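Printed here is data.txt (compact mmCIF, C-alpha atoms):
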```
# COMPACT_ATOMS: atom_id res chain seq x y z
CA MET J 1 -0.49 55.51 82.47
CA THR J 2 -0.81 55.90 86.23
CA VAL J 3 -2.05 58.84 88.31
CA LYS J 4 1.55 59.81 89.01
CA ASP J 5 2.47 59.78 85.32
CA PHE J 6 -0.56 61.91 84.59
CA ILE J 7 0.28 64.52 87.21
CA ASP J 8 3.91 64.50 86.11
CA LYS J 9 2.78 65.12 82.57
CA LEU J 10 0.50 67.98 83.64
CA LEU J 11 3.35 69.60 85.52
CA GLY J 12 5.72 69.01 82.63
CA ARG J 13 7.87 66.77 84.80
CA GLN J 14 9.72 63.78 83.47
CA ILE J 15 7.72 60.54 83.40
CA SER J 16 8.90 57.94 85.95
CA SER J 17 11.71 55.73 84.74
CA ALA J 18 9.74 52.57 85.53
CA SER J 19 7.08 53.51 82.95
CA THR J 20 9.73 54.31 80.40
CA ALA J 21 11.38 50.96 81.11
CA LYS J 22 8.10 49.10 80.64
CA GLN J 23 7.27 50.81 77.37
CA ARG J 24 10.74 50.21 75.97
CA LEU J 25 10.66 46.57 77.01
CA GLN J 26 7.27 45.95 75.43
CA LEU J 27 8.49 47.35 72.15
CA VAL J 28 11.80 45.50 72.08
CA LEU J 29 10.18 42.22 73.13
CA ALA J 30 7.60 42.43 70.37
CA HIS J 31 10.48 42.58 67.93
CA ASP J 32 12.55 39.91 69.73
CA ARG J 33 9.64 37.49 69.86
CA SER J 34 8.64 37.86 66.25
CA ASP J 35 12.23 37.97 65.07
CA LEU J 36 11.38 40.97 62.91
CA ASN J 37 13.67 43.95 62.87
CA PRO J 38 12.26 47.44 62.30
CA GLU J 39 13.51 47.45 58.72
CA LEU J 40 11.74 44.20 57.81
CA LEU J 41 8.61 45.46 59.51
CA ALA J 42 8.72 48.66 57.47
CA GLN J 43 9.10 46.64 54.28
CA MET J 44 6.20 44.39 55.23
CA ARG J 45 4.12 47.47 56.02
CA ARG J 46 4.79 48.90 52.54
CA GLU J 47 3.89 45.63 50.86
CA ILE J 48 0.71 45.17 52.86
CA LEU J 49 -0.36 48.71 51.99
CA GLU J 50 0.35 48.03 48.32
CA VAL J 51 -1.82 44.91 48.29
CA VAL J 52 -4.67 46.53 50.17
CA ALA J 53 -4.49 49.62 47.97
CA ARG J 54 -5.28 47.43 44.94
CA TYR J 55 -8.74 46.72 46.36
CA VAL J 56 -9.68 49.74 48.39
CA GLU J 57 -8.56 53.31 48.54
CA ILE J 58 -6.84 53.70 51.87
CA ASP J 59 -5.62 56.64 53.81
CA LEU J 60 -1.86 56.12 53.63
CA GLU J 61 -1.18 58.83 56.20
CA GLU J 62 -3.46 57.27 58.80
CA GLY J 63 -2.55 53.65 58.10
CA ASP J 64 -0.61 51.78 60.73
CA VAL J 65 0.89 48.29 60.83
CA SER J 66 2.57 47.35 64.07
CA LEU J 67 3.40 44.53 66.43
CA GLU J 68 1.48 44.25 69.65
CA THR J 69 2.17 41.79 72.36
CA GLU J 70 0.13 40.52 75.24
CA ASP J 71 0.56 37.40 77.38
CA ARG J 72 3.47 36.20 75.27
CA MET J 73 1.30 36.31 72.13
CA THR J 74 2.54 38.70 69.50
CA ALA J 75 0.08 39.93 66.92
CA LEU J 76 0.57 41.90 63.76
CA VAL J 77 -2.05 44.60 63.94
CA ALA J 78 -3.00 46.61 60.88
CA ASN J 79 -5.27 49.60 61.11
CA LEU J 80 -6.01 50.88 57.62
CA PRO J 81 -8.82 53.45 57.33
CA ILE J 82 -10.68 52.95 54.03
CA ARG J 83 -11.68 55.99 51.99
CA ARG J 84 -13.78 54.07 49.46
CA SER J 85 -13.67 50.73 47.71
CA ILE J 86 -12.40 50.39 44.17
CA GLN J 87 -14.93 48.52 41.94
CA GLN J 88 -13.34 45.74 39.99
CA THR J 89 -14.47 44.15 36.70
CA PRO J 90 -14.36 40.35 36.39
CA GLU J 91 -11.26 40.72 34.18
CA GLY J 92 -9.42 42.37 37.02
CA GLY J 93 -9.28 45.89 35.63
CA THR J 94 -10.68 48.86 37.48
CA LEU J 95 -13.80 50.64 36.28
CA MET N 96 8.25 6.99 86.18
CA SER N 97 10.25 8.84 88.84
CA THR N 98 8.65 11.49 90.98
CA THR N 99 11.86 13.48 91.16
CA ARG N 100 11.49 17.17 90.36
CA THR N 101 14.24 18.15 87.98
CA ILE N 102 14.30 21.93 87.89
CA LEU N 103 16.49 24.14 85.74
CA ILE N 104 17.49 27.41 87.41
CA CYS N 105 18.21 29.82 84.56
CA SER N 106 18.13 33.51 83.64
CA GLY N 107 19.74 34.26 80.31
CA LYS N 108 21.62 37.24 81.68
CA GLY N 109 24.56 36.64 83.98
CA GLY N 110 24.85 38.07 87.48
CA VAL N 111 21.16 38.16 88.37
CA GLY N 112 21.42 35.50 91.07
CA LYS N 113 21.02 32.05 89.50
CA THR N 114 23.74 30.44 91.56
CA THR N 115 22.73 32.19 94.78
CA THR N 116 19.16 31.03 94.19
CA THR N 117 20.26 27.45 93.49
CA ALA N 118 22.43 27.31 96.62
CA ASN N 119 19.79 28.78 98.92
CA LEU N 120 16.92 26.72 97.49
CA GLY N 121 19.05 23.58 97.68
CA ILE N 122 19.75 24.09 101.36
CA ALA N 123 16.17 25.17 102.11
CA LEU N 124 14.67 22.11 100.41
CA ALA N 125 17.14 19.82 102.18
CA ARG N 126 16.16 21.34 105.51
CA LEU N 127 12.53 20.60 104.71
CA GLY N 128 13.56 16.96 104.52
CA ALA N 129 13.80 16.55 100.75
CA ARG N 130 16.78 14.65 99.35
CA THR N 131 18.26 17.31 97.10
CA VAL N 132 21.16 17.48 94.68
CA VAL N 133 22.42 20.65 93.06
CA LEU N 134 24.09 20.08 89.71
CA ASP N 135 26.46 22.80 88.56
CA ALA N 136 26.00 22.78 84.79
CA ASP N 137 28.13 25.91 84.47
CA PHE N 138 31.35 23.94 84.60
CA GLY N 139 33.42 26.43 82.62
CA LEU N 140 32.91 29.05 85.31
CA ARG N 141 31.64 26.98 88.19
CA ASN N 142 30.82 28.80 91.40
CA LEU N 143 28.11 26.80 93.10
CA ASP N 144 30.81 24.95 95.08
CA LEU N 145 32.11 28.29 96.36
CA LEU N 146 28.69 29.59 97.46
CA LEU N 147 28.03 26.33 99.30
CA GLY N 148 31.48 26.34 100.94
CA LEU N 149 32.33 23.02 99.24
CA GLU N 150 35.12 24.21 96.95
CA ASN N 151 37.82 22.20 98.72
CA ARG N 152 35.93 18.95 98.72
CA ILE N 153 35.47 18.31 95.02
CA VAL N 154 37.43 15.31 93.79
CA PHE N 155 35.38 13.93 90.91
CA THR N 156 32.71 15.36 88.62
CA ALA N 157 29.86 14.04 86.48
CA GLN N 158 32.43 13.66 83.73
CA GLU N 159 34.28 10.89 85.61
CA VAL N 160 31.01 9.25 86.56
CA LEU N 161 29.96 8.97 82.91
CA ALA N 162 33.43 7.79 81.92
CA GLU N 163 33.05 5.16 84.69
CA THR N 164 36.33 6.13 86.34
CA CYS N 165 34.40 6.61 89.57
CA ARG N 166 31.02 5.79 91.08
CA LEU N 167 28.31 8.42 91.46
CA GLU N 168 28.60 8.21 95.26
CA GLN N 169 32.27 9.20 95.03
CA ALA N 170 31.52 12.26 92.93
CA LEU N 171 28.62 13.55 95.05
CA VAL N 172 29.84 16.06 97.62
CA LYS N 173 27.66 15.87 100.72
CA HIS N 174 27.09 19.07 102.67
CA LYS N 175 28.41 18.66 106.21
CA GLN N 176 25.75 20.60 108.10
CA GLU N 177 22.92 19.56 105.81
CA PRO N 178 23.43 15.94 104.78
CA ASN N 179 20.22 15.93 102.71
CA LEU N 180 22.05 18.15 100.22
CA ALA N 181 24.67 17.01 97.75
CA LEU N 182 26.60 18.90 95.09
CA LEU N 183 27.65 17.46 91.76
CA PRO N 184 29.81 19.57 89.47
CA ALA N 185 29.12 18.72 85.82
CA GLY N 186 32.73 18.87 84.82
CA ASN N 187 36.19 20.17 85.25
CA PRO N 188 36.85 23.75 84.10
CA ARG N 189 39.88 22.55 82.14
CA MET N 190 37.94 20.02 80.06
CA LEU N 191 35.55 22.35 78.38
CA GLU N 192 34.08 20.47 75.48
CA TRP N 193 32.70 17.24 76.71
CA LEU N 194 29.14 17.82 77.77
CA THR N 195 26.35 17.08 75.30
CA PRO N 196 22.59 17.02 75.86
CA LYS N 197 22.88 13.21 75.86
CA ASP N 198 25.46 13.28 78.68
CA MET N 199 23.24 15.61 80.65
CA LYS N 200 20.25 13.30 80.32
CA ALA N 201 22.39 10.33 81.36
CA ILE N 202 23.72 11.98 84.51
CA VAL N 203 20.35 13.41 85.50
CA SER N 204 18.61 10.06 85.15
CA LEU N 205 21.21 8.58 87.51
CA LEU N 206 20.51 11.37 90.01
CA GLU N 207 16.74 10.95 89.69
CA GLU N 208 17.10 7.42 91.08
CA GLN N 209 18.12 8.69 94.49
CA PHE N 210 16.96 12.28 94.94
CA ASP N 211 13.64 14.08 95.36
CA TYR N 212 14.97 17.28 93.78
CA VAL N 213 17.59 17.81 91.10
CA LEU N 214 18.34 21.53 90.80
CA ILE N 215 20.38 22.36 87.71
CA ASP N 216 22.38 25.60 87.90
CA CYS N 217 22.39 26.81 84.30
CA PRO N 218 25.18 28.88 82.73
CA ALA N 219 24.37 32.38 81.47
CA GLY N 220 23.59 32.81 77.79
CA ILE N 221 21.36 30.89 75.41
CA GLU N 222 24.01 28.98 73.48
CA ASP N 223 25.29 25.41 73.87
CA GLY N 224 25.81 25.71 77.62
CA PHE N 225 22.16 26.56 78.08
CA LYS N 226 20.98 23.87 75.68
CA ASN N 227 23.01 21.21 77.46
CA ALA N 228 21.83 22.27 80.87
CA ALA N 229 18.20 22.43 79.72
CA ALA N 230 18.25 19.04 77.97
CA ALA N 231 17.18 17.05 81.01
CA ALA N 232 15.03 19.68 82.73
CA ARG N 233 11.37 18.92 83.33
CA GLU N 234 10.49 22.25 84.90
CA ALA N 235 12.27 25.59 85.25
CA VAL N 236 12.69 28.57 87.50
CA VAL N 237 13.64 31.74 85.66
CA VAL N 238 15.52 34.21 87.85
CA THR N 239 15.41 37.85 86.84
CA THR N 240 15.78 41.30 88.35
CA PRO N 241 13.54 44.33 87.72
CA GLU N 242 15.93 45.72 85.10
CA VAL N 243 15.37 46.01 81.37
CA ALA N 244 18.34 43.90 80.27
CA ALA N 245 17.56 41.08 82.71
CA VAL N 246 13.87 41.01 81.75
CA ARG N 247 14.65 41.01 78.05
CA ASP N 248 17.08 38.12 78.39
CA ALA N 249 14.64 36.23 80.60
CA ASP N 250 12.09 36.55 77.82
CA ARG N 251 14.44 34.90 75.34
CA VAL N 252 15.06 32.02 77.72
CA ILE N 253 11.34 31.58 78.38
CA GLY N 254 10.77 31.36 74.62
CA LEU N 255 13.37 28.58 74.35
CA LEU N 256 11.95 26.69 77.34
CA ASN N 257 8.47 26.85 75.82
CA THR N 258 9.65 25.32 72.55
CA GLN N 259 11.38 22.55 74.53
CA GLY N 260 8.17 21.72 76.35
CA VAL N 261 9.59 22.47 79.81
CA THR N 262 6.68 23.04 82.17
CA PRO N 263 5.89 24.66 84.51
CA VAL N 264 8.19 27.64 84.09
CA GLN N 265 7.99 29.92 87.13
CA LEU N 266 9.54 33.27 87.94
CA VAL N 267 11.74 34.42 90.81
CA LEU N 268 12.13 38.19 90.90
CA ASN N 269 15.42 38.93 92.60
CA ARG N 270 17.01 42.10 94.01
CA VAL N 271 13.72 43.89 94.49
CA ARG N 272 14.14 47.35 96.04
CA PRO N 273 10.79 48.29 97.62
CA LYS N 274 11.81 51.92 98.05
CA MET N 275 12.64 52.40 94.37
CA MET N 276 9.48 50.56 93.35
CA SER N 277 7.34 52.80 95.52
CA ILE N 278 8.59 55.92 93.75
CA GLN N 279 8.28 54.16 90.40
CA GLU N 280 11.92 54.30 89.60
CA MET N 281 12.06 50.51 89.29
CA LEU N 282 9.87 48.16 87.24
CA SER N 283 7.13 46.92 89.56
CA VAL N 284 6.38 43.28 90.29
CA ASP N 285 3.25 43.54 88.14
CA ASP N 286 5.20 45.14 85.29
CA VAL N 287 7.59 42.19 85.17
CA THR N 288 4.95 39.47 85.52
CA ASP N 289 2.76 41.20 82.90
CA ILE N 290 5.61 41.36 80.43
CA LEU N 291 6.93 37.85 80.96
CA ALA N 292 3.49 36.27 81.57
CA LEU N 293 4.83 33.75 84.07
CA PRO N 294 3.48 32.72 87.47
CA LEU N 295 5.51 34.29 90.27
CA LEU N 296 7.19 31.74 92.50
CA GLY N 297 8.86 34.29 94.73
CA LEU N 298 10.20 37.76 95.37
CA VAL N 299 13.61 38.31 96.90
CA PHE N 300 14.40 41.75 98.27
CA GLU N 301 17.84 43.23 97.78
CA ASP N 302 19.73 42.15 100.88
CA GLU N 303 23.31 42.87 101.96
CA GLN N 304 23.33 39.65 103.95
CA VAL N 305 23.56 37.75 100.66
CA ILE N 306 27.05 39.18 100.14
CA VAL N 307 28.05 38.35 103.71
CA SER N 308 26.85 34.78 103.30
CA THR N 309 28.65 34.25 100.00
CA ASN N 310 31.84 35.59 101.60
CA ARG N 311 31.53 32.84 104.17
CA GLY N 312 30.35 30.09 101.84
CA GLU N 313 27.29 29.58 104.02
CA PRO N 314 23.96 30.15 102.24
CA LEU N 315 21.51 32.26 104.23
CA THR N 316 18.99 29.43 104.45
CA LEU N 317 21.53 27.32 106.34
CA GLY N 318 21.19 29.23 109.62
CA GLU N 319 18.33 30.77 111.48
CA SER N 320 18.83 34.08 109.69
CA SER N 321 15.79 36.31 109.71
CA SER N 322 17.10 38.46 106.87
CA PRO N 323 14.60 39.24 104.10
CA ALA N 324 16.44 37.13 101.51
CA ALA N 325 16.63 34.10 103.82
CA LYS N 326 12.89 34.36 104.42
CA ALA N 327 12.22 34.70 100.71
CA TYR N 328 14.26 31.62 99.76
CA ASN N 329 12.66 29.54 102.52
CA ASN N 330 9.25 30.62 101.27
CA ILE N 331 10.13 29.66 97.71
CA ALA N 332 11.23 26.21 98.86
CA ARG N 333 7.93 25.71 100.69
CA ARG N 334 5.98 26.83 97.64
CA LEU N 335 7.88 24.30 95.53
CA GLN N 336 6.78 21.72 98.08
CA GLY N 337 3.18 22.72 97.42
CA GLU N 338 2.54 24.92 100.45
CA ASP N 339 0.40 27.97 99.91
CA ILE N 340 2.48 30.87 101.24
CA PRO N 341 1.50 34.43 100.36
CA LEU N 342 4.01 36.52 98.44
CA MET N 343 5.75 39.40 100.18
CA ASP N 344 4.31 42.77 99.28
CA PRO N 345 7.02 45.35 98.55
CA SER N 346 4.72 48.19 99.65
CA GLU N 347 3.70 46.35 102.84
CA ALA N 348 6.90 47.28 104.66
CA ARG N 349 6.21 50.92 103.99
CA LYS N 350 2.56 51.32 104.97
CA GLY N 351 1.49 54.59 106.55
CA PHE N 352 0.16 57.81 105.13
CA ARG N 353 2.98 58.38 102.67
CA ALA N 354 2.87 54.83 101.40
CA ARG N 355 -0.89 55.12 100.87
CA VAL N 356 -0.43 58.28 98.87
CA ARG N 357 2.20 56.50 96.86
CA GLN N 358 -0.14 53.61 96.27
CA LEU N 359 -2.81 56.03 95.05
CA MET N 360 -0.27 57.51 92.69
CA GLN N 361 0.27 54.08 91.18
CA THR N 362 -3.39 53.55 90.40
CA ARG N 363 -3.92 52.91 86.75
CA LEU N 364 -5.79 55.59 84.83
CA PHE N 365 -5.88 53.78 81.50
```
Could you show the structure in this file as structure tokens?
Amino acid sequence: MTVKDFIDKLLGRQISSASTAKQRLQLVLAHDRSDLNPELLAQMRREILEVVARYVEIDLEEGDVSLETEDRMTALVANLPIRRSIQQTPEGGTL
Amino acid sequence: MSTTRTILICSGKGGVGKTTTTANLGIALARLGARTVVLDADFGLRNLDLLLGLENRIVFTAQEVLAETCRLEQALVKHKQEPNLALLPAGNPRMLEWLTPKDMKAIVSLLEEQFDYVLIDCPAGIEDGFKNAAAAAREAVVVTTPEVAAVRDADRVIGLLNTQGVTPVQLVLNRVRPKMMSIQEMLSVDDVTDILALPLLGLVFEDEQVIVSTNRGEPLTLGESSSPAAKAYNNIARRLQGEDIPLMDPSEARKGFRARVRQLMQTRLF
């Protein structure tokens, strides 16, 4: 965000179209580069959450799995706040 | 090993200025004394001949050279005012399905024997036409404009060039409108280079003289034109030659109190 965007926001004016263009491009390119469509990403997010939820209790509301891209490198970034860990017995059942 | 620089001029999206860039760079390099050939790989919709004013002088194409119905020298169209520059159309628009990556490599290696620069004007798109044109390229110049569709398509092309091992890949940002950039209604130069993560080879400002010059079939770099686009293309040619020439600054032309305020407004907060 630039100074102009900030002032525009304060005054309730529309954000400059260049910023909008940049944000939209970054999002669409993250998907183009990874060849993942939003639907596949949503499915992957559900499955990741499922796996993680087997080991730790996570905050499903706060959890976020998204694509971020910088310098032509796209990364899958997961931010999953842990409430508490789930103790496991050697047999794999929960205590 | 030849020292010829074989450079693909590509963009992904059509209409962003590939052919104009190829024509102007070809002339500019030739004027700097480099033996240059421009190869029109877009033979289905070829236009490089038209921009160079050579449309009436094409007799043979690379197709006949490879079929050995003519010699390479017969197919090369020399530019009258700038004899260091030659044009070679890849093929005839009526014979659409002949060119393969192997043909492209064969014709380019013939050209590399006698030229310092081989500039390949790539067709739009990322399908077979692109793959053929890119087959023989060692380096690439990606032309784009500060518009979302052009930048997105450029990104696709850069991805393909990276997997092919073409290097370096450099960026020419075309049709820059300093006024729109200064009020942030156009993606800035930094925005585009950040997103595409490519070194910037040159900036070309939007310039009406480009239209005038294409009408005449005389690229801007041919004359002593002092128009912004002519300057930009000449600078790009010199940079390709290894000269260190500073990039134009879109805000430079508009310095003064208002421009400074505008610059302040563009300062990044976070």
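Proximity to Lys226 of chain N at 12 Å, evaluated using all atoms listed in the file and with sequence-adjacent residues fewer than 4 positions away removed, yields Leu103, Cys105, Gly107, Ala136, Asp137, Leu194, Thr195, Pro196, Lys197, Asp198, Met199, Lys200, Cys217, Pro218, Ala219, Gly220, Ile221, Glu222, Ala230, Ala231, Ala232, Val252, Leu255, Leu256, Thr258 and Gln259 of chain N.
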TODO: Kindly indicate which residue among N:Arg247, N:Lys108, N:Arg100, N:Arg270 lies nearest to Leu335 of chain N, using only C-alpha atoms for the distances.
DONE: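 Counting only C-alpha atoms, the residue closest to Leu335 of chain N is N:Arg100.
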Task: Exercise: Asp64 of chain J partners within 9 Å, all atoms listed in the file, chain neighbours under 2 positions left out, as a ChimeraX atom specification - done: /J:45,60-62,66,77-80
Based on the selection just made, write C-alpha atoms of those residues as a PDB file, in the coordinates of the input.
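result-v2.pdb was written with the following content:
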```pdb
ATOM      1  CA  ARG J  45       4.120  47.470  56.020  1.00  0.00           C
ATOM      2  CA  LEU J  60      -1.860  56.120  53.630  1.00  0.00           C
ATOM      3  CA  GLU J  61      -1.180  58.830  56.200  1.00  0.00           C
ATOM      4  CA  GLU J  62      -3.460  57.270  58.800  1.00  0.00           C
ATOM      5  CA  SER J  66       2.570  47.350  64.070  1.00  0.00           C
ATOM      6  CA  VAL J  77      -2.050  44.600  63.940  1.00  0.00           C
ATOM      7  CA  ALA J  78      -3.000  46.610  60.880  1.00  0.00           C
ATOM      8  CA  ASN J  79      -5.270  49.600  61.110  1.00  0.00           C
ATOM      9  CA  LEU J  80      -6.010  50.880  57.620  1.00  0.00           C
TER      10      LEU J  80
END
```
- [ ] Could you check how far atom CA of Leu76 of chain J sits from atom CA of Leu27 of chain J, in Å to one decimal?
- [x]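 Rounded to one decimal, the two atoms are 12.8 Å apart.
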- [ ] Starting from chain J, keep only residues with some atom at most 9 Å from an atom of chain N, counting all atoms listed in the file, and report them as a list in words.
- [x] Met1, Thr2, Val3, Lys4, Asp5, Phe6, Ile7, Ser16, Ser17, Ala18, Ser19, Ala21, Lys22, Arg24, Leu25, Gln26, Val28, Leu29, Asp32, Arg33, Thr69, Glu70, Asp71 and Arg72 of chain J
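Counting from atom CA of Asn227 of chain N, the distance to atom CA of Ser34 of chain J is 24.7 Å.
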TODO: Write out as a count of residues only each polymer residue whose atoms come within 10 Å of segment 120-125 of chain N, counting all atoms listed in the file; drop sequence neighbours fewer than 2 positions from it.
DONE: 41
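Minimum atom-to-atom distances from J:Ala30, J:Leu40, J:Val56, J:Leu67 to Arg83 of chain J were compared using all atoms listed in the file, and the lowest value belongs to J:Val56.
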Open item on the list: Need the shell around segment 201-204 of chain N: protein/DNA/RNA residues with any atom at most 9 Å away, counting all atoms listed in the file. Skip same-chain ones fewer than 6 positions apart. Format as a list in words?
Closed with: Thr101, Leu134, Ala157, Gln158, Val160, Leu161, Ala185, Val213, Ala231 and Ala232 of chain N
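Between atom CA of Leu268 of chain N and atom CA of Leu183 of chain N the separation is 25.9 Å.
With distances taken over all atoms listed in the file, N:Val267 is the one residue among N:Val356, N:Ile306, N:Ala228, N:Val267 lying closest to Pro294 of chain N.
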TODO: Counting all atoms listed in the file, figure out which residue out of N:Asp144, N:Glu168, N:Asp216, N:Glu207 gets nearest to Lys113 of chain N.
DONE: N:Asp216
Task: Spatial neighbours of Glu301 of chain N, 8 Å, all atoms listed in the file, chain gap at least 5 places, as a VMD selection string - done: chain N and resid 269 to 272 324
